[in-house]
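*Asks:* Provided herewith: input.cif, mmCIF, C-alpha atoms.
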```cif
data_protein
loop_
_atom_site.group_PDB
_atom_site.id
_atom_site.type_symbol
_atom_site.label_atom_id
_atom_site.label_comp_id
_atom_site.auth_asym_id
_atom_site.auth_seq_id
_atom_site.Cartn_x
_atom_site.Cartn_y
_atom_site.Cartn_z
ATOM 1 C CA MET X 909 152.452 275.772 -0.883
ATOM 2 C CA ALA X 910 149.205 277.563 -1.693
ATOM 3 C CA ARG X 911 146.138 275.399 -1.289
ATOM 4 C CA LYS X 912 143.880 276.967 -3.864
ATOM 5 C CA ALA X 913 142.175 276.042 -7.115
ATOM 6 C CA LYS X 914 140.189 277.559 -9.952
ATOM 7 C CA ILE X 915 137.477 275.669 -11.816
ATOM 8 C CA VAL X 916 135.764 276.840 -15.001
ATOM 9 C CA ARG X 917 132.740 274.870 -16.178
ATOM 10 C CA LYS X 918 130.749 275.812 -19.269
ATOM 11 C CA THR X 919 127.915 273.648 -20.531
ATOM 12 C CA THR X 920 124.755 274.341 -22.498
ATOM 13 C CA GLU X 921 123.016 274.689 -19.106
ATOM 14 C CA THR X 922 125.512 276.550 -16.903
ATOM 15 C CA ASP X 923 128.526 278.868 -16.969
ATOM 16 C CA ILE X 924 130.550 278.788 -13.746
ATOM 17 C CA THR X 925 133.877 280.186 -12.590
ATOM 18 C CA LEU X 926 134.829 279.196 -9.044
ATOM 19 C CA ASP X 927 138.002 279.990 -7.100
ATOM 20 C CA ILE X 928 138.757 278.658 -3.617
ATOM 21 C CA ASP X 929 141.631 279.291 -1.220
ATOM 22 C CA LEU X 930 141.585 276.987 1.799
ATOM 23 C CA ASP X 931 144.024 279.141 3.771
ATOM 24 C CA LYS X 932 142.596 282.644 3.307
ATOM 25 C CA SER X 933 139.382 283.985 4.735
ATOM 26 C CA VAL X 934 139.028 287.418 3.134
ATOM 27 C CA GLY X 935 137.981 288.510 -0.330
ATOM 28 C CA SER X 936 135.052 286.158 -0.942
ATOM 29 C CA LYS X 937 132.488 287.205 -3.534
ATOM 30 C CA ILE X 938 129.587 284.938 -4.352
ATOM 31 C CA ASP X 939 127.193 285.481 -7.243
ATOM 32 C CA THR X 940 125.358 282.307 -8.193
ATOM 33 C CA THR X 941 122.183 284.111 -9.378
ATOM 34 C CA VAL X 942 120.285 281.951 -6.828
ATOM 35 C CA PRO X 943 119.809 284.254 -3.808
ATOM 36 C CA PHE X 944 119.159 281.516 -1.239
ATOM 37 C CA LEU X 945 122.242 279.558 -2.373
ATOM 38 C CA ASN X 946 124.309 282.761 -2.251
ATOM 39 C CA HIS X 947 123.261 283.109 1.393
ATOM 40 C CA MET X 948 124.192 279.494 2.214
ATOM 41 C CA LEU X 949 127.596 279.764 0.505
ATOM 42 C CA GLU X 950 128.272 283.027 2.343
ATOM 43 C CA LEU X 951 127.632 281.127 5.592
ATOM 44 C CA PHE X 952 129.953 278.363 4.344
ATOM 45 C CA VAL X 953 132.881 280.742 3.783
ATOM 46 C CA ARG X 954 132.310 282.597 7.048
ATOM 47 C CA HIS X 955 132.127 279.502 9.224
ATOM 48 C CA GLY X 956 134.793 277.562 7.329
ATOM 49 C CA GLN X 957 137.127 280.560 7.025
ATOM 50 C CA PHE X 958 137.696 279.946 3.324
ATOM 51 C CA LYS X 959 138.041 282.410 0.459
ATOM 52 C CA LEU X 960 135.520 281.600 -2.251
ATOM 53 C CA VAL X 961 134.833 283.574 -5.417
ATOM 54 C CA ILE X 962 131.959 282.412 -7.617
ATOM 55 C CA LYS X 963 130.489 283.917 -10.757
ATOM 56 C CA SER X 964 127.825 281.776 -12.342
ATOM 57 C CA LYS X 965 124.691 281.726 -14.400
ATOM 58 C CA GLY X 966 122.454 278.983 -15.634
ATOM 59 C CA ASP X 967 119.117 278.060 -17.096
ATOM 60 C CA THR X 968 117.310 279.125 -13.918
ATOM 61 C CA GLU X 969 114.287 280.137 -15.983
ATOM 62 C CA ILE X 970 113.627 276.367 -16.099
ATOM 63 C CA ASP X 971 114.581 275.827 -12.449
ATOM 64 C CA ASP X 972 117.679 275.974 -10.236
ATOM 65 C CA HIS X 973 118.577 272.271 -10.461
ATOM 66 C CA HIS X 974 121.296 272.379 -13.137
ATOM 67 C CA LEU X 975 123.061 275.370 -11.593
ATOM 68 C CA VAL X 976 122.931 274.081 -8.005
ATOM 69 C CA GLU X 977 124.211 270.636 -9.021
ATOM 70 C CA ASP X 978 126.977 272.077 -11.221
ATOM 71 C CA LEU X 979 128.066 274.394 -8.402
ATOM 72 C CA GLY X 980 128.397 271.307 -6.192
ATOM 73 C CA ILE X 981 130.503 269.667 -8.904
ATOM 74 C CA CYS X 982 132.762 272.726 -9.159
ATOM 75 C CA LEU X 983 133.163 273.142 -5.396
ATOM 76 C CA GLY X 984 134.026 269.451 -5.063
ATOM 77 C CA GLN X 985 136.600 269.636 -7.860
ATOM 78 C CA ALA X 986 138.094 272.808 -6.389
ATOM 79 C CA VAL X 987 138.446 271.392 -2.875
ATOM 80 C CA GLY X 988 139.971 268.191 -4.267
ATOM 81 C CA GLN X 989 142.489 270.113 -6.385
ATOM 82 C CA ALA X 990 143.338 272.567 -3.598
ATOM 83 C CA LEU X 991 144.153 269.697 -1.236
ATOM 84 C CA GLY X 992 146.630 268.205 -3.701
ATOM 85 C CA LYS X 993 148.294 265.124 -2.193
ATOM 86 C CA LYS X 994 146.626 265.818 1.190
ATOM 87 C CA ILE X 995 149.933 265.798 3.044
ATOM 88 C CA GLY X 996 149.599 266.632 6.730
ATOM 89 C CA ILE X 997 145.837 267.210 6.776
ATOM 90 C CA HIS X 998 143.735 266.088 9.737
ATOM 91 C CA ARG X 999 141.575 264.170 7.229
ATOM 92 C CA TYR X 1000 138.553 263.844 9.537
ATOM 93 C CA GLY X 1001 136.186 266.598 10.601
ATOM 94 C CA SER X 1002 132.982 266.692 12.619
ATOM 95 C CA ALA X 1003 130.725 269.519 13.712
ATOM 96 C CA SER X 1004 127.318 269.902 15.311
ATOM 97 C CA VAL X 1005 125.481 273.174 14.807
ATOM 98 C CA PRO X 1006 122.281 274.268 16.533
ATOM 99 C CA MET X 1007 120.067 276.802 14.779
ATOM 100 C CA ASP X 1008 117.177 277.765 17.028
ATOM 101 C CA GLU X 1009 114.919 274.665 17.145
ATOM 102 C CA CYS X 1010 117.123 272.399 15.008
ATOM 103 C CA LEU X 1011 120.378 270.542 15.447
ATOM 104 C CA CYS X 1012 122.512 269.227 12.586
ATOM 105 C CA ARG X 1013 125.674 267.140 12.634
ATOM 106 C CA VAL X 1014 128.172 266.703 9.800
ATOM 107 C CA ASP X 1015 131.006 264.161 9.782
ATOM 108 C CA MET X 1016 133.511 263.756 6.969
ATOM 109 C CA ASP X 1017 136.539 261.805 5.881
ATOM 110 C CA ILE X 1018 138.806 263.113 3.126
ATOM 111 C CA SER X 1019 139.455 259.547 2.072
ATOM 112 C CA GLY X 1020 139.434 259.611 -1.713
ATOM 113 C CA ARG X 1021 136.213 257.573 -1.551
ATOM 114 C CA PRO X 1022 133.124 259.650 -2.379
ATOM 115 C CA TYR X 1023 130.054 258.716 -0.385
ATOM 116 C CA LEU X 1024 127.062 260.680 0.875
ATOM 117 C CA ILE X 1025 124.675 259.875 3.704
ATOM 118 C CA TYR X 1026 122.021 262.602 3.832
ATOM 119 C CA LYS X 1027 119.390 262.175 6.535
ATOM 120 C CA VAL X 1028 117.572 265.501 6.435
ATOM 121 C CA ARG X 1029 113.838 266.135 6.039
ATOM 122 C CA TYR X 1030 112.049 269.379 5.272
ATOM 123 C CA GLU X 1031 108.512 270.440 6.094
ATOM 124 C CA ARG X 1032 108.334 273.114 3.394
ATOM 125 C CA ARG X 1033 108.658 272.423 -0.322
ATOM 126 C CA LYS X 1034 109.953 275.918 -1.130
ATOM 127 C CA ILE X 1035 111.951 278.608 0.654
ATOM 128 C CA GLY X 1036 111.169 281.670 -1.390
ATOM 129 C CA GLY X 1037 111.678 280.153 -4.828
ATOM 130 C CA PHE X 1038 114.314 277.636 -3.693
ATOM 131 C CA ASP X 1039 113.570 273.902 -3.574
ATOM 132 C CA PRO X 1040 115.169 272.350 -0.431
ATOM 133 C CA ALA X 1041 115.550 269.019 -2.283
ATOM 134 C CA LEU X 1042 118.374 270.670 -4.256
ATOM 135 C CA VAL X 1043 120.559 270.782 -1.141
ATOM 136 C CA LYS X 1044 121.018 267.007 -1.312
ATOM 137 C CA GLU X 1045 121.830 267.288 -5.041
ATOM 138 C CA PHE X 1046 124.471 269.926 -4.229
ATOM 139 C CA PHE X 1047 126.169 267.722 -1.640
ATOM 140 C CA LYS X 1048 125.927 264.588 -3.814
ATOM 141 C CA ALA X 1049 127.709 266.449 -6.607
ATOM 142 C CA PHE X 1050 130.260 267.794 -4.101
ATOM 143 C CA THR X 1051 131.119 264.355 -2.695
ATOM 144 C CA ASP X 1052 131.290 262.704 -6.120
ATOM 145 C CA HIS X 1053 133.838 265.264 -7.322
ATOM 146 C CA SER X 1054 135.878 265.826 -4.146
ATOM 147 C CA GLY X 1055 136.441 262.213 -3.107
ATOM 148 C CA ILE X 1056 135.068 262.975 0.362
ATOM 149 C CA THR X 1057 132.870 260.717 2.471
ATOM 150 C CA LEU X 1058 130.195 262.978 3.946
ATOM 151 C CA HIS X 1059 127.505 262.194 6.519
ATOM 152 C CA ILE X 1060 124.864 264.887 7.109
ATOM 153 C CA ASN X 1061 122.339 264.115 9.833
ATOM 154 C CA LEU X 1062 119.530 266.260 11.172
ATOM 155 C CA ALA X 1063 118.843 265.311 14.788
ATOM 156 C CA TYR X 1064 115.660 267.394 14.892
ATOM 157 C CA GLY X 1065 114.165 270.596 13.543
ATOM 158 C CA SER X 1066 111.092 272.008 11.854
ATOM 159 C CA ASN X 1067 112.000 275.255 10.078
ATOM 160 C CA SER X 1068 113.400 274.411 6.626
ATOM 161 C CA HIS X 1069 115.470 277.603 6.407
ATOM 162 C CA HIS X 1070 117.051 276.957 9.815
ATOM 163 C CA ILE X 1071 117.734 273.330 8.898
ATOM 164 C CA ILE X 1072 119.566 274.189 5.671
ATOM 165 C CA GLU X 1073 121.493 276.947 7.416
ATOM 166 C CA ALA X 1074 122.618 274.508 10.123
ATOM 167 C CA VAL X 1075 123.628 272.004 7.416
ATOM 168 C CA PHE X 1076 125.866 274.516 5.619
ATOM 169 C CA LYS X 1077 127.407 275.845 8.840
ATOM 170 C CA ALA X 1078 128.161 272.347 10.141
ATOM 171 C CA PHE X 1079 129.563 271.357 6.730
ATOM 172 C CA ALA X 1080 131.855 274.394 6.754
ATOM 173 C CA ARG X 1081 133.108 273.751 10.271
ATOM 174 C CA ALA X 1082 133.719 270.043 9.638
ATOM 175 C CA LEU X 1083 135.581 270.794 6.398
ATOM 176 C CA ARG X 1084 137.738 273.403 8.155
ATOM 177 C CA LEU X 1085 138.784 270.813 10.750
ATOM 178 C CA ALA X 1086 139.460 268.132 8.127
ATOM 179 C CA VAL X 1087 141.622 270.320 5.857
ATOM 180 C CA ASN X 1088 143.673 271.876 8.656
ATOM 181 C CA ILE X 1089 147.351 270.992 8.533
ATOM 182 C CA ASN X 1090 148.835 269.192 11.532
ATOM 183 C CA PRO X 1091 152.648 269.528 11.536
ATOM 184 C CA GLU X 1092 152.851 266.341 13.628
ATOM 185 C CA ILE X 1093 151.453 264.269 10.744
ATOM 186 C CA SER X 1094 154.194 262.921 8.508
ATOM 187 C CA GLY X 1095 152.904 262.335 4.987
ATOM 188 C CA VAL X 1096 149.229 261.436 4.834
ATOM 189 C CA LEU X 1097 147.050 260.095 7.640
ATOM 190 C CA SER X 1098 146.644 256.607 6.201
ATOM 191 C CA THR X 1099 148.491 253.321 6.588
ATOM 192 C CA LYS X 1100 148.174 252.957 2.802
ATOM 193 C CA GLY X 1101 150.481 255.938 2.327
ATOM 194 C CA MET X 1102 147.970 257.779 0.153
ATOM 195 C CA LEU X 1103 144.426 259.121 0.219
#
```
Produce structure tokens that represent the structure in this file.
*Replies:*
Amino acid sequence: MARKAKIVRKTTETDITLDIDLDKSVGSKIDTTVPFLNHMLELFVRHGQFKLVIKSKGDTEIDDHHLVEDLGICLGQAVGQALGKKIGIHRYGSASVPMDECLCRVDMDISGRPYLIYKVRYERRKIGGFDPALVKEFFKAFTDHSGITLHINLAYGSNSHHIIEAVFKAFARALRLAVNINPEISGVLSTKGML
């Protein structure tokens, strides 16, 4: 069964079409109109080995907040839909990623219970025109709409670009581990019988 999903979201602030395939790693094309976010999502698909196609635009003349948050919503919905009943998935994923002077760790549980712990600090207020505070908004929207418990912890680091890059790479690697199918798992990995 194909584990993929397509989300279309049109509001007065944003217009987003997002396709994800959890089991393919070629054919990604990302155009969010936010160059720094494009770069981070390209890292996400490379390190997670996902296929992701995004075409979006938003009221970025105001700022990037609405578009970044809505992209998190769409990615969360897409991952949730692509996983379906979550039969046979590992459920848990963890990854630590160093990026020069920084080290980031991401742990997740595809539990059906959205929760975000985000312990990351930035020294710079802007990276180019991008506000690093929007990264937390992206992941909050993702968790709320995917039903995933997500812990993102920066052990140490000083370069804001490196920190965000390590966050997205660790997120991708943890998600890849969590969504992988284990043929030894019968049903879902829960004593409740559902996630």
*Asks:* Here is a test: counting all atoms listed in the file, which residue of X:Ile1089, X:Val1005, X:Gly992, X:Asp1015 is nearest to Met1102 in chain X?
*Replies:*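 For Met1102 in chain X, the nearest of the candidates is X:Gly992.
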*Asks:* Return the single residue from X:Ala1063, X:Ile995, X:Ala986, X:Ile1025 that is closest to Ser1094 in chain X, with distances computed using only C-alpha atoms.
*Replies:*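 Under the stated criterion, the closest residue is X:Ile995.
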*Asks:* Quick one: everything within 9 Å of Cys982 in chain X, counting only C-alpha atoms, minus sequence neighbours fewer than 2 positions away in the same chain. Send it as a list in words.
*Replies:* Lys914, Ile915, Val916, Arg917, Ile924, Thr925, Leu926, Glu977, Asp978, Leu979, Gly980, Gly984, Gln985, Ala986, Val987, Ala1049, Phe1050 and His1053 of chain X
*Asks:* So which residues get picked by the PyMOL selection byres ((chain X and resi 966) around 8) here, written as a list in words?
*Replies:*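 After applying the PyMOL selection byres ((chain X and resi 966) around 8), what remains is Glu921, Thr922, Asp923, Ser964, Lys965, Asp967, Thr968, Asp972, His974 and Leu975 of chain X.
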*Asks:* How would you write, as a PyMOL selection string, the residues chosen by the PyMOL selection byres ((chain X and resi 938-948) around 9) on this structure?
*Replies:* chain X and resi 924+936-937+949-953+960-966+968+972+975-976+979+1035-1038+1072-1073+1076-1077
*Asks:* Selection from above, C-alpha atoms, as a PDB file, keeping the file's coordinate frame, can you write it?
*Replies:*
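The result, stored in part34.pdb:
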```
ATOM      1  CA  ILE X 924     130.550 278.788 -13.746  1.00  0.00           C
ATOM      2  CA  SER X 936     135.052 286.158  -0.942  1.00  0.00           C
ATOM      3  CA  LYS X 937     132.488 287.205  -3.534  1.00  0.00           C
ATOM      4  CA  LEU X 949     127.596 279.764   0.505  1.00  0.00           C
ATOM      5  CA  GLU X 950     128.272 283.027   2.343  1.00  0.00           C
ATOM      6  CA  LEU X 951     127.632 281.127   5.592  1.00  0.00           C
ATOM      7  CA  PHE X 952     129.953 278.363   4.344  1.00  0.00           C
ATOM      8  CA  VAL X 953     132.881 280.742   3.783  1.00  0.00           C
ATOM      9  CA  LEU X 960     135.520 281.600  -2.251  1.00  0.00           C
ATOM     10  CA  VAL X 961     134.833 283.574  -5.417  1.00  0.00           C
ATOM     11  CA  ILE X 962     131.959 282.412  -7.617  1.00  0.00           C
ATOM     12  CA  LYS X 963     130.489 283.917 -10.757  1.00  0.00           C
ATOM     13  CA  SER X 964     127.825 281.776 -12.342  1.00  0.00           C
ATOM     14  CA  LYS X 965     124.691 281.726 -14.400  1.00  0.00           C
ATOM     15  CA  GLY X 966     122.454 278.983 -15.634  1.00  0.00           C
ATOM     16  CA  THR X 968     117.310 279.125 -13.918  1.00  0.00           C
ATOM     17  CA  ASP X 972     117.679 275.974 -10.236  1.00  0.00           C
ATOM     18  CA  LEU X 975     123.061 275.370 -11.593  1.00  0.00           C
ATOM     19  CA  VAL X 976     122.931 274.081  -8.005  1.00  0.00           C
ATOM     20  CA  LEU X 979     128.066 274.394  -8.402  1.00  0.00           C
ATOM     21  CA  ILE X1035     111.951 278.608   0.654  1.00  0.00           C
ATOM     22  CA  GLY X1036     111.169 281.670  -1.390  1.00  0.00           C
ATOM     23  CA  GLY X1037     111.678 280.153  -4.828  1.00  0.00           C
ATOM     24  CA  PHE X1038     114.314 277.636  -3.693  1.00  0.00           C
ATOM     25  CA  ILE X1072     119.566 274.189   5.671  1.00  0.00           C
ATOM     26  CA  GLU X1073     121.493 276.947   7.416  1.00  0.00           C
ATOM     27  CA  PHE X1076     125.866 274.516   5.619  1.00  0.00           C
ATOM     28  CA  LYS X1077     127.407 275.845   8.840  1.00  0.00           C
TER      29      LYS X1077
END
```
*Asks:* Could you please determine the separation between CA of Asp1008 in chain X and CA of Lys959 in chain X in Å, to one decimal place?
*Replies:*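 Those two atoms sit 27.0 Å apart.
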*Asks:* In Å, rounded to a single decimal, give me how far CA of Ser1054 in chain X is from CA of Val1096 in chain X.
*Replies:*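 Those two atoms sit 16.7 Å apart.
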*Asks:* Residues around (122.7, 272.2, 10.2), cut-off 8 Å, counting all atoms listed in the file - what are they as a list in words?
*Replies:* Ser1004, Val1005, Pro1006, Met1007, Cys1010, Leu1011, Cys1012, Arg1013, Val1014, Leu1062, His1070, Ile1071, Ile1072, Glu1073, Ala1074, Val1075, Phe1076, Lys1077, Ala1078 and Phe1079 of chain X
*Asks:* If you apply the PyMOL selection byres ((chain X and resi 1019) around 10) to this file, what residues do you get, as a list of chain:residue names?
*Replies:*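 When the PyMOL selection byres ((chain X and resi 1019) around 10) is applied to the shown file, the picked residues are X:Lys994, X:Arg999, X:Tyr1000, X:Met1016, X:Asp1017, X:Ile1018, X:Gly1020, X:Arg1021, X:Pro1022, X:Tyr1023, X:Ser1054, X:Gly1055, X:Ile1056, X:Thr1057, X:Leu1097, X:Ser1098, X:Met1102, X:Leu1103.
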*Asks:* Quick one: pull the distance between CA of Lys1034 in chain X and CA of His1059 in chain X, Å, one decimal.
*Replies:*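 Taking CA of Lys1034 in chain X and CA of His1059 in chain X, their separation equals 23.6 Å.
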*Asks:* Which residue out of X:Lys918, X:His973, X:Arg911, X:Arg1081 has the minimum interatomic distance to Ala1041 in chain X when all atoms listed in the file are used?
*Replies:* X:His973
*Asks:* Counting all atoms listed in the file, which of X:Ile997, X:Ile970, X:Val1028, X:Leu930 gets nearest to Asn1090 in chain X?
*Replies:*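 Among X:Ile997, X:Ile970, X:Val1028, X:Leu930, it is X:Ile997 that comes nearest to Asn1090 in chain X.
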*Asks:* Here is a test: counting only C-alpha atoms, which residue of X:Leu1024, X:Val1087, X:Leu983, X:Met909 is nearest to Ile1060 in chain X?
*Replies:*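 Residue with the minimum atom-to-atom distance to Ile1060 in chain X: X:Leu1024.
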*Asks:* Which polymer residues have any atom within 8 Å of an atom of Arg1084 in chain X, counting all atoms listed in the file, with same-chain residues fewer than 6 positions away left out, as a PyMOL selection string?
*Replies:* chain X and resi 956-957+1001
